[in-house]
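Here the structure comes first, spelled out in C-alpha cells, and everything after it is commentary.
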Amino acid sequence: MATDDKPAFEERKWADELALRRAELDLRHQEMARSNWRSPLSVAVAAAALAAMGNGIITWIDGVQQRELEASRASLQLALEARRSDSARILQVMESGDPTAVRNNLKFLSEAGLISDETLRQQLMAYLDATPDAEIPLLRQLGDIVAAPTRRLQVLSIGISSYDNVADLENPVRDALAVAAATETQRGTIYNDVEVTIATDIDKDGLISQLRLLNWSVKPNQGDVALIYFAGHAHQVDGVFYLAPSDIDATSEATGEATGLSIVELATLLEPLAAGSAVILAIDACPGSDHASPEEALGEMQLNVLLAAVPGTTCFDGQGQNSPFATALVDGMTDASDADGNGLITMSELVTFVSARTGQLTDQLQEPFTSVDFDGVIFQAVARANTK
C-alpha cells in the first residue's frame, strides 16, 4: 500500500466503524423498546402505579358500599320503628270486651291510613273479612285477674349451657341467673312475694318436673303472675319446635323418639296454669334460620309469649356476659322501660322496650317476636343499675 493511500484507508475505516456503531446503537434502542415491560424497574413502576389506581378504586367502592349500608340500616330502622308503632296501635284498640268494637277500631286504623306498613294493613283487612266476631281475640287487662293482698310473682328461670349430644353454649346459665336476680327486686313492690326457682343444665324429665311444680305453686285466680324464662338450644323436626334439655339428641326426633320438649308438650303443661293466671313465657333460643314459630303451636292459650328472635331468623348467645335478649329483659324490669314515667311497667311497655333494646344491642340484626294476650301493670319500675 502506498504511503499516500494510507490516510484514505484510515478515513474509510473510521467511516465504517462509525456506521457500525450507529447500527449497533439503533439495535440497542430497538431492543430496549421491545423489552421495556420486562425491565424490573419498569415493572415495579408500573405495578406501583396500578396498585395506587386500584387502591383508589377500592376506596371509592368501599365508600359507596358504606354509604349504601348506612342508608340501608337507616331505612331498616325506620321500618322497624314504623312496624312497632303499627303493632302498638293494633294492640291498644284490642283492649276491649266487645269484639264488634275491636273490629270497628281495627277497620278504622286500616281505612284511615294509621297503619303505615301496607303489607300489615292488607293482612289485617283480610283477617277481619275472614273472621267472625266470635273468633276475634280480645286482650285481657291484668286487672281482670282478681288481685289479692297475697299476690305473688312466681318465676321459673331455666338456663342450659352444657349438653350431652350437641354443642355447649356460653351464656344460658348466666342468663337464667341474671333474669332470676332481676325478678327478686320486685319483692315488696306490687307483689307481696316473689318465689324464684332456678334450674340449670337439666334433662327433659327435670324440665317437665319443674313446669309441673310451677303449676302446683301458682294460685289460680288469686292475682299470681308466672314468668317462665328458658335459655338454651332449640330446634325443629318436620315443623315441630323443640326446646332442648341437656340430654337432647337432635337426631332422635326424626325417628320419633323425642328427647326434646316439643312446643305441643309445653302447651299441655302450661294450659292449666294459663287458664287462671297471667303467664309470661320468654324463650331465649332459636334452632336456626328456618324454624317455625312456637307461638303458633300454643294456639289460643291465654299467655304472653316473647321470643328472642322473629321466626325464620337467628339470635345471638352473647360474648361473655349475657345474651342480648336476656340483657334487654333484665333492663326491662327497671325504670328504663317506664315510658310514661309513672313508676309502673305495663306488659306493652315491657314488650316495646325489650324489642328496641335487643335491636340496639345487636345493631338491628336481631328483633324479638312477641304475642301479647293481656296487658296491664306487670312490674314496678325499680331504679336500674349499670344499664349500658
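Lettering and numbering for the C-alpha cells are positional, with chains as A, B, ... in the shown order, residues counted from 1 in each chain, and ligands counted from 1 in the shown order.
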
Quick one: residues within 9 Å of region 177-188 of chain A, only C-alpha atoms, excluding same-chain residues fewer than 5 positions away - as a ChimeraX atom specification?
/A:152-153,155-159,172,193-198,229,322,326-327,329-331,333-334,379-382

To test your reading of the structure, identify every residue in region 320-362 of chain A that backbone DSSP assigns to helix (DSSP H, G or I), and report it as number ranges by chain.
A: 324-332, 335-337, 347-361

How would you write, as a compact mmCIF listing (two decimals) with all heavy atoms, in the first residue's frame, the set of residues in region 131-343 of chain A that DSSP gives as strand (DSSP E or B)?
```txt
# COMPACT_ATOMS: atom_id res chain seq x y z
N ARG A 140 -106.94 -9.25 77.34
CA ARG A 140 -107.36 -9.08 78.72
C ARG A 140 -106.53 -7.99 79.38
O ARG A 140 -105.34 -7.82 79.09
CB ARG A 140 -107.15 -10.38 79.51
CG ARG A 140 -107.98 -11.55 79.06
CD ARG A 140 -107.71 -12.73 79.94
NE ARG A 140 -106.31 -13.14 79.85
CZ ARG A 140 -105.69 -13.88 80.76
NH1 ARG A 140 -106.32 -14.26 81.84
NH2 ARG A 140 -104.44 -14.24 80.59
N GLN A 141 -107.12 -7.28 80.29
CA GLN A 141 -106.38 -6.39 81.16
C GLN A 141 -105.96 -7.20 82.39
O GLN A 141 -106.71 -8.04 82.87
CB GLN A 141 -107.24 -5.20 81.59
CG GLN A 141 -107.48 -4.21 80.47
CD GLN A 141 -106.21 -3.49 80.06
OE1 GLN A 141 -105.39 -3.13 80.89
NE2 GLN A 141 -106.04 -3.30 78.77
N ARG A 152 -98.49 -12.89 94.26
CA ARG A 152 -97.09 -13.31 94.16
C ARG A 152 -96.63 -13.33 92.71
O ARG A 152 -97.44 -13.55 91.80
CB ARG A 152 -96.91 -14.71 94.76
CG ARG A 152 -97.23 -14.81 96.24
CD ARG A 152 -97.18 -16.26 96.66
NE ARG A 152 -98.09 -17.10 95.87
CZ ARG A 152 -98.06 -18.43 95.85
NH1 ARG A 152 -97.15 -19.08 96.56
NH2 ARG A 152 -98.91 -19.11 95.12
N LEU A 153 -95.35 -13.13 92.53
CA LEU A 153 -94.70 -13.34 91.24
C LEU A 153 -93.95 -14.66 91.34
O LEU A 153 -93.03 -14.81 92.16
CB LEU A 153 -93.74 -12.20 90.92
CG LEU A 153 -92.89 -12.35 89.65
CD1 LEU A 153 -93.76 -12.44 88.41
CD2 LEU A 153 -91.88 -11.21 89.53
N GLN A 154 -94.36 -15.62 90.54
CA GLN A 154 -93.72 -16.93 90.53
C GLN A 154 -92.79 -17.01 89.32
O GLN A 154 -93.23 -16.79 88.18
CB GLN A 154 -94.79 -18.03 90.44
CG GLN A 154 -95.76 -18.06 91.60
CD GLN A 154 -95.22 -18.85 92.77
OE1 GLN A 154 -94.13 -19.42 92.70
NE2 GLN A 154 -95.97 -18.91 93.85
N VAL A 155 -91.55 -17.31 89.55
CA VAL A 155 -90.54 -17.28 88.48
C VAL A 155 -89.87 -18.65 88.36
O VAL A 155 -89.43 -19.23 89.35
CB VAL A 155 -89.46 -16.22 88.78
CG1 VAL A 155 -88.41 -16.20 87.66
CG2 VAL A 155 -90.10 -14.84 88.95
N LEU A 156 -89.83 -19.16 87.13
CA LEU A 156 -89.04 -20.34 86.81
C LEU A 156 -88.03 -19.92 85.75
O LEU A 156 -88.40 -19.62 84.61
CB LEU A 156 -89.93 -21.47 86.28
CG LEU A 156 -89.19 -22.72 85.77
CD1 LEU A 156 -88.30 -23.32 86.84
CD2 LEU A 156 -90.19 -23.76 85.25
N SER A 157 -86.77 -19.86 86.15
CA SER A 157 -85.72 -19.38 85.25
C SER A 157 -84.79 -20.54 84.90
O SER A 157 -84.10 -21.08 85.77
CB SER A 157 -84.93 -18.24 85.92
OG SER A 157 -84.10 -17.59 85.00
N ILE A 158 -84.80 -20.93 83.63
CA ILE A 158 -84.09 -22.12 83.16
C ILE A 158 -82.94 -21.71 82.24
O ILE A 158 -83.15 -20.95 81.29
CB ILE A 158 -85.05 -23.06 82.40
CG1 ILE A 158 -86.25 -23.42 83.28
CG2 ILE A 158 -84.32 -24.31 81.93
CD1 ILE A 158 -87.42 -23.97 82.48
N GLY A 159 -81.76 -22.23 82.52
CA GLY A 159 -80.61 -21.98 81.64
C GLY A 159 -79.85 -23.26 81.40
O GLY A 159 -79.43 -23.94 82.36
N ARG A 187 -89.87 -7.99 94.82
CA ARG A 187 -90.46 -8.38 96.10
C ARG A 187 -90.81 -7.14 96.91
O ARG A 187 -90.00 -6.23 97.08
CB ARG A 187 -89.51 -9.28 96.88
CG ARG A 187 -90.07 -9.76 98.22
CD ARG A 187 -89.14 -10.70 98.94
NE ARG A 187 -89.15 -12.03 98.32
CZ ARG A 187 -88.15 -12.51 97.61
NH1 ARG A 187 -87.07 -11.78 97.40
NH2 ARG A 187 -88.22 -13.72 97.09
N TYR A 191 -95.97 -6.85 94.21
CA TYR A 191 -96.11 -8.24 94.63
C TYR A 191 -95.78 -8.36 96.11
O TYR A 191 -94.77 -7.83 96.59
CB TYR A 191 -95.19 -9.15 93.81
CG TYR A 191 -95.50 -9.16 92.34
CD1 TYR A 191 -94.71 -8.43 91.44
CD2 TYR A 191 -96.58 -9.88 91.84
CE1 TYR A 191 -95.00 -8.42 90.08
CE2 TYR A 191 -96.87 -9.87 90.48
CZ TYR A 191 -96.08 -9.14 89.62
OH TYR A 191 -96.38 -9.13 88.27
N ASP A 193 -94.91 -11.11 97.42
CA ASP A 193 -93.75 -12.00 97.49
C ASP A 193 -93.32 -12.39 96.09
O ASP A 193 -94.10 -12.32 95.13
CB ASP A 193 -94.11 -13.26 98.29
CG ASP A 193 -92.89 -14.07 98.70
OD1 ASP A 193 -91.77 -13.53 98.60
OD2 ASP A 193 -93.05 -15.23 99.10
N VAL A 194 -92.07 -12.78 95.96
CA VAL A 194 -91.51 -13.29 94.71
C VAL A 194 -90.87 -14.64 95.02
O VAL A 194 -90.01 -14.73 95.89
CB VAL A 194 -90.46 -12.34 94.10
CG1 VAL A 194 -89.87 -12.95 92.83
CG2 VAL A 194 -91.07 -10.98 93.80
N GLU A 195 -91.33 -15.67 94.36
CA GLU A 195 -90.78 -17.00 94.57
C GLU A 195 -90.05 -17.43 93.30
O GLU A 195 -90.66 -17.54 92.24
CB GLU A 195 -91.89 -18.00 94.92
CG GLU A 195 -92.58 -17.66 96.23
CD GLU A 195 -93.62 -18.70 96.62
OE1 GLU A 195 -93.68 -19.77 95.95
OE2 GLU A 195 -94.37 -18.45 97.57
N VAL A 196 -88.75 -17.63 93.44
CA VAL A 196 -87.89 -17.87 92.28
C VAL A 196 -87.31 -19.28 92.33
O VAL A 196 -86.76 -19.70 93.36
CB VAL A 196 -86.73 -16.85 92.22
CG1 VAL A 196 -85.83 -17.14 91.02
CG2 VAL A 196 -87.28 -15.43 92.15
N THR A 197 -87.43 -19.99 91.22
CA THR A 197 -86.78 -21.28 91.05
C THR A 197 -85.81 -21.17 89.88
O THR A 197 -86.20 -20.74 88.79
CB THR A 197 -87.80 -22.40 90.76
OG1 THR A 197 -88.71 -22.50 91.86
CG2 THR A 197 -87.10 -23.73 90.56
N ILE A 198 -84.58 -21.54 90.13
CA ILE A 198 -83.55 -21.53 89.08
C ILE A 198 -83.19 -22.97 88.75
O ILE A 198 -82.85 -23.76 89.64
CB ILE A 198 -82.29 -20.77 89.53
CG1 ILE A 198 -82.65 -19.33 89.90
CG2 ILE A 198 -81.23 -20.80 88.43
CD1 ILE A 198 -81.51 -18.57 90.55
N ALA A 199 -83.29 -23.34 87.49
CA ALA A 199 -82.97 -24.69 87.04
C ALA A 199 -81.92 -24.60 85.94
O ALA A 199 -82.16 -23.95 84.92
CB ALA A 199 -84.22 -25.40 86.54
N THR A 200 -80.77 -25.23 86.15
CA THR A 200 -79.68 -25.14 85.17
C THR A 200 -79.24 -26.53 84.73
O THR A 200 -79.18 -27.47 85.53
CB THR A 200 -78.47 -24.38 85.75
OG1 THR A 200 -77.98 -25.06 86.92
CG2 THR A 200 -78.88 -22.96 86.15
N VAL A 225 -98.77 -14.01 89.13
CA VAL A 225 -98.22 -13.92 87.78
C VAL A 225 -97.06 -14.90 87.69
O VAL A 225 -96.21 -14.96 88.60
CB VAL A 225 -97.74 -12.48 87.46
CG1 VAL A 225 -97.03 -12.45 86.11
CG2 VAL A 225 -98.91 -11.52 87.46
N ALA A 226 -97.00 -15.67 86.62
CA ALA A 226 -95.93 -16.64 86.40
C ALA A 226 -95.05 -16.17 85.25
O ALA A 226 -95.54 -15.88 84.16
CB ALA A 226 -96.50 -18.02 86.11
N LEU A 227 -93.75 -16.12 85.51
CA LEU A 227 -92.77 -15.79 84.47
C LEU A 227 -91.89 -17.00 84.25
O LEU A 227 -91.21 -17.47 85.18
CB LEU A 227 -91.92 -14.58 84.89
CG LEU A 227 -90.70 -14.28 84.01
CD1 LEU A 227 -91.12 -13.94 82.58
CD2 LEU A 227 -89.86 -13.15 84.60
N ILE A 228 -91.90 -17.53 83.05
CA ILE A 228 -91.06 -18.67 82.68
C ILE A 228 -90.04 -18.19 81.67
O ILE A 228 -90.39 -17.69 80.60
CB ILE A 228 -91.90 -19.81 82.07
CG1 ILE A 228 -93.00 -20.24 83.04
CG2 ILE A 228 -91.01 -21.00 81.72
CD1 ILE A 228 -94.06 -21.10 82.40
N TYR A 229 -88.77 -18.36 82.02
CA TYR A 229 -87.68 -17.96 81.12
C TYR A 229 -86.87 -19.20 80.78
O TYR A 229 -86.49 -19.97 81.66
CB TYR A 229 -86.79 -16.91 81.79
CG TYR A 229 -85.54 -16.58 81.00
CD1 TYR A 229 -85.58 -15.69 79.92
CD2 TYR A 229 -84.32 -17.16 81.32
CE1 TYR A 229 -84.45 -15.40 79.18
CE2 TYR A 229 -83.17 -16.87 80.60
CZ TYR A 229 -83.24 -15.99 79.52
OH TYR A 229 -82.11 -15.70 78.80
N PHE A 230 -86.63 -19.40 79.48
CA PHE A 230 -85.82 -20.53 79.03
C PHE A 230 -84.71 -20.02 78.14
O PHE A 230 -84.97 -19.32 77.16
CB PHE A 230 -86.66 -21.55 78.25
CG PHE A 230 -85.85 -22.70 77.69
CD1 PHE A 230 -85.65 -23.84 78.44
CD2 PHE A 230 -85.25 -22.61 76.44
CE1 PHE A 230 -84.88 -24.90 77.94
CE2 PHE A 230 -84.48 -23.65 75.93
CZ PHE A 230 -84.31 -24.80 76.69
N ALA A 231 -83.47 -20.38 78.47
CA ALA A 231 -82.31 -20.04 77.63
C ALA A 231 -81.56 -21.32 77.31
O ALA A 231 -81.25 -22.11 78.21
CB ALA A 231 -81.40 -19.05 78.35
N ALA A 234 -82.66 -24.78 70.82
CA ALA A 234 -83.94 -25.27 70.35
C ALA A 234 -83.74 -25.73 68.92
O ALA A 234 -82.75 -25.37 68.28
CB ALA A 234 -85.01 -24.18 70.42
N HIS A 235 -84.64 -26.55 68.43
CA HIS A 235 -84.54 -26.98 67.04
C HIS A 235 -85.90 -27.46 66.59
O HIS A 235 -86.86 -27.48 67.36
CB HIS A 235 -83.48 -28.09 66.87
CG HIS A 235 -83.94 -29.44 67.35
ND1 HIS A 235 -83.98 -30.54 66.54
CD2 HIS A 235 -84.38 -29.85 68.55
CE1 HIS A 235 -84.42 -31.58 67.22
NE2 HIS A 235 -84.66 -31.19 68.45
N GLN A 236 -86.02 -27.79 65.31
CA GLN A 236 -87.29 -28.27 64.81
C GLN A 236 -87.09 -29.48 63.92
O GLN A 236 -86.06 -29.63 63.26
CB GLN A 236 -88.04 -27.18 64.06
CG GLN A 236 -87.50 -26.88 62.67
CD GLN A 236 -88.53 -26.23 61.78
OE1 GLN A 236 -89.68 -26.07 62.17
NE2 GLN A 236 -88.12 -25.84 60.59
N VAL A 237 -88.08 -30.35 63.93
CA VAL A 237 -88.13 -31.51 63.03
C VAL A 237 -89.53 -31.58 62.47
O VAL A 237 -90.51 -31.58 63.24
CB VAL A 237 -87.77 -32.81 63.78
CG1 VAL A 237 -87.94 -34.02 62.85
CG2 VAL A 237 -86.35 -32.75 64.32
N VAL A 240 -92.05 -29.14 63.82
CA VAL A 240 -92.33 -29.13 65.26
C VAL A 240 -91.15 -28.49 65.98
O VAL A 240 -90.00 -28.89 65.79
CB VAL A 240 -92.58 -30.55 65.80
CG1 VAL A 240 -92.83 -30.50 67.31
CG2 VAL A 240 -93.75 -31.19 65.08
N PHE A 241 -91.45 -27.52 66.82
CA PHE A 241 -90.44 -26.77 67.56
C PHE A 241 -90.15 -27.50 68.88
O PHE A 241 -91.07 -27.86 69.62
CB PHE A 241 -90.98 -25.37 67.83
CG PHE A 241 -90.02 -24.44 68.51
CD1 PHE A 241 -89.25 -23.55 67.78
CD2 PHE A 241 -89.91 -24.43 69.90
CE1 PHE A 241 -88.39 -22.67 68.42
CE2 PHE A 241 -89.04 -23.56 70.54
CZ PHE A 241 -88.28 -22.69 69.80
N TYR A 242 -88.87 -27.72 69.17
CA TYR A 242 -88.46 -28.39 70.39
C TYR A 242 -87.53 -27.50 71.21
O TYR A 242 -86.57 -26.93 70.68
CB TYR A 242 -87.69 -29.69 70.08
CG TYR A 242 -88.50 -30.80 69.48
CD1 TYR A 242 -88.72 -30.86 68.10
CD2 TYR A 242 -89.05 -31.80 70.29
CE1 TYR A 242 -89.47 -31.89 67.55
CE2 TYR A 242 -89.80 -32.83 69.73
CZ TYR A 242 -90.00 -32.87 68.36
OH TYR A 242 -90.74 -33.89 67.81
N LEU A 243 -87.81 -27.38 72.51
CA LEU A 243 -86.83 -26.84 73.43
C LEU A 243 -85.84 -27.96 73.75
O LEU A 243 -86.22 -29.13 73.84
CB LEU A 243 -87.50 -26.35 74.72
CG LEU A 243 -88.48 -25.18 74.57
CD1 LEU A 243 -89.06 -24.82 75.93
CD2 LEU A 243 -87.81 -23.97 73.94
N LEU A 261 -88.23 -31.25 74.38
CA LEU A 261 -89.58 -30.94 74.84
C LEU A 261 -90.28 -30.17 73.72
O LEU A 261 -89.94 -29.02 73.43
CB LEU A 261 -89.53 -30.09 76.11
CG LEU A 261 -90.90 -29.74 76.71
CD1 LEU A 261 -91.57 -30.99 77.27
CD2 LEU A 261 -90.77 -28.67 77.78
N SER A 262 -91.23 -30.82 73.07
CA SER A 262 -91.91 -30.18 71.95
C SER A 262 -92.80 -29.06 72.45
O SER A 262 -93.23 -29.04 73.61
CB SER A 262 -92.75 -31.20 71.18
OG SER A 262 -93.92 -31.53 71.90
N ALA A 278 -101.94 -15.09 84.99
CA ALA A 278 -101.21 -14.39 83.93
C ALA A 278 -99.85 -15.06 83.76
O ALA A 278 -99.08 -15.16 84.72
CB ALA A 278 -101.04 -12.92 84.30
N VAL A 279 -99.56 -15.53 82.56
CA VAL A 279 -98.32 -16.27 82.29
C VAL A 279 -97.52 -15.54 81.23
O VAL A 279 -98.06 -15.19 80.17
CB VAL A 279 -98.62 -17.71 81.84
CG1 VAL A 279 -97.31 -18.45 81.56
CG2 VAL A 279 -99.44 -18.45 82.88
N ILE A 280 -96.26 -15.32 81.52
CA ILE A 280 -95.32 -14.74 80.56
C ILE A 280 -94.28 -15.81 80.24
O ILE A 280 -93.59 -16.30 81.13
CB ILE A 280 -94.62 -13.50 81.13
CG1 ILE A 280 -95.64 -12.47 81.59
CG2 ILE A 280 -93.69 -12.89 80.08
CD1 ILE A 280 -95.03 -11.33 82.39
N LEU A 281 -94.20 -16.18 78.97
CA LEU A 281 -93.24 -17.19 78.51
C LEU A 281 -92.18 -16.50 77.66
O LEU A 281 -92.49 -15.97 76.59
CB LEU A 281 -93.96 -18.27 77.70
CG LEU A 281 -93.09 -19.34 77.05
CD1 LEU A 281 -92.32 -20.14 78.09
CD2 LEU A 281 -93.95 -20.27 76.19
N ALA A 282 -90.95 -16.49 78.14
CA ALA A 282 -89.84 -15.86 77.41
C ALA A 282 -88.88 -16.95 76.98
O ALA A 282 -88.30 -17.65 77.82
CB ALA A 282 -89.14 -14.84 78.30
N ILE A 283 -88.70 -17.12 75.68
CA ILE A 283 -87.85 -18.17 75.12
C ILE A 283 -86.64 -17.54 74.46
O ILE A 283 -86.76 -16.88 73.42
CB ILE A 283 -88.61 -19.05 74.11
CG1 ILE A 283 -89.82 -19.71 74.79
CG2 ILE A 283 -87.68 -20.11 73.53
CD1 ILE A 283 -90.67 -20.53 73.84
N ASP A 284 -85.48 -17.71 75.07
CA ASP A 284 -84.23 -17.16 74.54
C ASP A 284 -83.48 -18.29 73.84
O ASP A 284 -82.46 -18.78 74.31
CB ASP A 284 -83.40 -16.58 75.69
CG ASP A 284 -82.26 -15.70 75.19
OD1 ASP A 284 -82.06 -15.62 73.97
OD2 ASP A 284 -81.57 -15.09 76.03
N ASN A 304 -98.66 -14.49 77.42
CA ASN A 304 -97.82 -13.59 76.63
C ASN A 304 -96.53 -14.33 76.26
O ASN A 304 -95.87 -14.90 77.14
CB ASN A 304 -97.48 -12.33 77.42
CG ASN A 304 -98.67 -11.39 77.52
OD1 ASN A 304 -99.66 -11.57 76.83
ND2 ASN A 304 -98.57 -10.39 78.37
N VAL A 305 -96.20 -14.31 75.00
CA VAL A 305 -95.01 -15.02 74.51
C VAL A 305 -94.01 -14.01 74.00
O VAL A 305 -94.34 -13.13 73.20
CB VAL A 305 -95.37 -16.01 73.38
CG1 VAL A 305 -94.13 -16.74 72.89
CG2 VAL A 305 -96.42 -17.01 73.86
N LEU A 306 -92.77 -14.12 74.47
CA LEU A 306 -91.66 -13.30 73.97
C LEU A 306 -90.60 -14.25 73.44
O LEU A 306 -90.03 -15.04 74.21
CB LEU A 306 -91.06 -12.42 75.07
CG LEU A 306 -91.89 -11.26 75.61
CD1 LEU A 306 -92.90 -11.76 76.64
CD2 LEU A 306 -90.98 -10.21 76.25
N LEU A 307 -90.36 -14.20 72.15
CA LEU A 307 -89.29 -14.99 71.54
C LEU A 307 -88.10 -14.08 71.29
O LEU A 307 -88.26 -12.93 70.88
CB LEU A 307 -89.75 -15.60 70.22
CG LEU A 307 -91.03 -16.43 70.24
CD1 LEU A 307 -91.31 -16.98 68.86
CD2 LEU A 307 -90.93 -17.54 71.25
N THR A 334 -86.65 -2.60 84.96
CA THR A 334 -86.26 -1.40 85.69
C THR A 334 -87.00 -0.20 85.11
O THR A 334 -87.79 -0.32 84.17
CB THR A 334 -84.75 -1.18 85.57
OG1 THR A 334 -84.44 -0.74 84.23
CG2 THR A 334 -83.96 -2.44 85.87
```
